[in-house]
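Scroll down for the structure; my scribbles are underneath it.
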Amino acid sequence: GHFSFNTIRDATINKEMEIVFYEFIEENGPFDIIHFHNLEGIPLSFLKLTQDFPSTKVFFTLHNYFAFCPQVNLWWQEKQNCRNYFDGARCINCLTYEPPYAAALKAHQLAFMLKSLGFGPETWVFNFAFNNVNRLKRIYRWFYSVMHPQSNSKFLIGHNNKIVIQDLKSAKVYAERRQYYVSVLNEYCHKIIAVSERTAVLAKGFNIHGSKLSVLYIGTEQAEQIKLKREPPGKGEVICFLYMGYMRKDKGFYFLLEALENLPCKIASQIKIVIAAPITDDNVRQRLNGIAYKYHEIIVYDGYTHSNLSEIFDGIHVGIVPVLWEDNLPQVAIEMVSNGIPLITSDLGGAAELSKCDKFVIKAGSKGQLEQVINGIIEDPSSLKSYWDETLTLRTMSMHIDELFKLYGAGGTVTSEASEFDKL
């Protein structure tokens with residue numbers, strides 16, 4: 001599924017997979033409902049099962065935007081939220097790097113075969129096989145380049161996967177893909193579930209029928225034991241801000257890093273920064289070291305698990321979720337709010353819906369607004385209490401399952417806490 005950007009037909013129709021899927025339904029059904037939470041790597045033709053199994057209802061949850069965007073996140077050229085795809089013309093050169101589809105497929109096949117034989121990634125057999133495959137590939141590439149010097153440049157270009165400017169007629173392929181996905185979802189899905197109000201608004205903008213849409217906020221184990229709302233620090237005390245997630249541009253990490261670099265020393269000296277994210281870029285270490293002098297303290301957790309969340313959350317006053325894409329509903333935002341931590345969020349995606357207080361919502365990518373909000377918190381830490389004036393009811397897993405079964409049983413008449421769907 002991750003390599004299907006330019007293999008659009010395979011992403012929509014695959015007869016071999018359809019046969020296996022239909023055999024499964026016939027042998028194990030009948031089913032009242034089949035609920036898809038993902039379409040990456042799954043032929044869209046699966047949704048047409050109601051033609052042969054009319055008593056089965058199809059449900060689909062929008063956890064991302066793959067149905068409308070083969071890049072998945074509506075994130076153009078690894079730098080910009082995609083608000084308009086210009087009938088597919090913008091898709092042609094969306095990817096800055098296209099993974100080698102054939103090589104990746106073979107690697108997955110080898111891994112699957114080894115795991116089927118009982119040799120997982122942690123075993124010496126698995127590692128030995130992959131290490132030797134890589135050696136053989138390097139030998140083959142060298143041998144091929146020696147035997148076919150005239151094709152050497154073409155060979156290298158293929159392995160580097162450089163961008164190729166395609167004819168604008170290629171745009172039609174991407175426009176037809178989006179139209180096809182939307183038409184199939186509208187025709188065959190009984191309900192299309194958005195995990196946030198913002199996701200539902202975007203889906204309707206892509207021509208998903210409003211009558212098909214329902215919002216169901218996801219459940220989380222963190223909501224099982226919601227912590228008390230944290231008392232803000234006193235004026236003049238050090239305020240601790242947390243970024244948690246991944247060091248990715250679309251998540252807003254590099255935007256935040258640049259904003260921290262630009263923050264005046266007078267403000268920075270009153271701030272402690274905690275970053276919990278796998279360090280995937282050594283340059284980040286250097287940049288953080290370069291600004292450490294002006295902050296009270298900077299702490300970096302090189303990745304995290306649920307087992308050390310309590311350690312990470314200890315002493316945190318404010319969370320920052322500065323996403324630059326329409327992040328459907330970030331799990332990290334829910335986890336922080338569940339632990340009594342108010343949030344500064346961007347205006348994209350669903351994180352801003354966790355509270356009705358808009359004074360901590362910034363325009364995505366605006367360093368000026370972020371500095372203004374941070375400075376406001378330093379000037380008046382008690383203002384953080386207003387975040388809790390009207391917050392979303394966080395769903396536990398049992399609450400989410402109850403709402404899901406109500407949606408299944410009632411034919412889709414679940415009222416969203418935020419608004420009614422016919423007003424979208």
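Residues are named by chain letter and number: chains run A, B, ... in the order of the structure tokens, numbers start at 1 in each chain, and ligands are numbered from 1 in the order shown.
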*Excluding same-chain residues fewer than 3 positions from Glu187 (chain A), what lies within 12 Å of it counting only C-alpha atoms, as a ChimeraX atom specification?*
/A:45,47-51,57-59,180-184,190-192,208-209,211-212
*So which residues touch Lys169 (chain A) within 12 Å, counting only C-alpha atoms, skipping near sequence neighbours fewer than 6 positions away, as a list in words?*
Asp87, Gly88, Ala89, Arg90, Cys91, Ile92, Ala175 and Glu176 of chain A
*Compile the contact shell of Asn81 (chain A) as a PyMOL selection string: residues with an atom at most 7 Å away, counting only C-alpha atoms, same-chain residues fewer than 3 positions apart removed.*
chain A and resi 74-76+324-325
*Excluding same-chain residues fewer than 2 positions from region 401-410 of chain A, what lies within 12 Å of it counting only C-alpha atoms, as a VMD selection string?*
chain A and resid 32 to 35 56 to 61 190 to 193 195 212 to 220 395 to 399 412 to 417
Store the residues of this selection in a file with C-alpha atoms, as a JSON list (two decimals), in the first residue's frame.
```
[["chain", "number", "residue", "atom", "x", "y", "z"],
["A", 32, "ASP", "CA", -23.89, -8.29, 9.11],
["A", 33, "ILE", "CA", -21.13, -5.70, 8.73],
["A", 34, "ILE", "CA", -17.65, -5.56, 7.28],
["A", 35, "HIS", "CA", -15.78, -2.53, 8.55],
["A", 56, "THR", "CA", -23.86, -7.20, 4.46],
["A", 57, "LYS", "CA", -23.31, -3.51, 5.16],
["A", 58, "VAL", "CA", -19.94, -1.90, 4.47],
["A", 59, "PHE", "CA", -18.50, 0.67, 6.89],
["A", 60, "PHE", "CA", -15.30, 2.63, 6.34],
["A", 61, "THR", "CA", -13.33, 4.85, 8.74],
["A", 190, "HIS", "CA", -23.43, 2.28, 4.31],
["A", 191, "LYS", "CA", -21.55, 4.73, 6.52],
["A", 192, "ILE", "CA", -18.26, 6.59, 6.22],
["A", 193, "ILE", "CA", -16.87, 7.44, 9.64],
["A", 195, "VAL", "CA", -12.55, 10.51, 13.38],
["A", 212, "LYS", "CA", -23.09, 8.97, 4.51],
["A", 213, "LEU", "CA", -20.89, 10.74, 7.08],
["A", 214, "SER", "CA", -20.75, 10.26, 10.84],
["A", 215, "VAL", "CA", -18.13, 11.39, 13.33],
["A", 216, "LEU", "CA", -16.88, 8.88, 15.88],
["A", 217, "TYR", "CA", -13.94, 10.01, 17.99],
["A", 218, "ILE", "CA", -11.46, 7.21, 18.55],
["A", 219, "GLY", "CA", -11.05, 5.55, 21.91],
["A", 220, "THR", "CA", -7.80, 5.39, 23.84],
["A", 395, "ARG", "CA", -13.60, 8.30, 24.65],
["A", 396, "THR", "CA", -12.40, 5.24, 26.47],
["A", 397, "MET", "CA", -12.18, 2.07, 24.41],
["A", 398, "SER", "CA", -15.46, 0.78, 25.86],
["A", 399, "MET", "CA", -17.21, 4.09, 25.09],
["A", 412, "GLY", "CA", -25.95, 5.33, 11.20],
["A", 413, "THR", "CA", -27.85, 7.89, 13.27],
["A", 414, "VAL", "CA", -25.22, 8.95, 15.78],
["A", 415, "THR", "CA", -25.16, 12.62, 16.73],
["A", 416, "SER", "CA", -21.73, 14.21, 16.85],
["A", 417, "GLU", "CA", -20.88, 16.09, 20.03]]
```
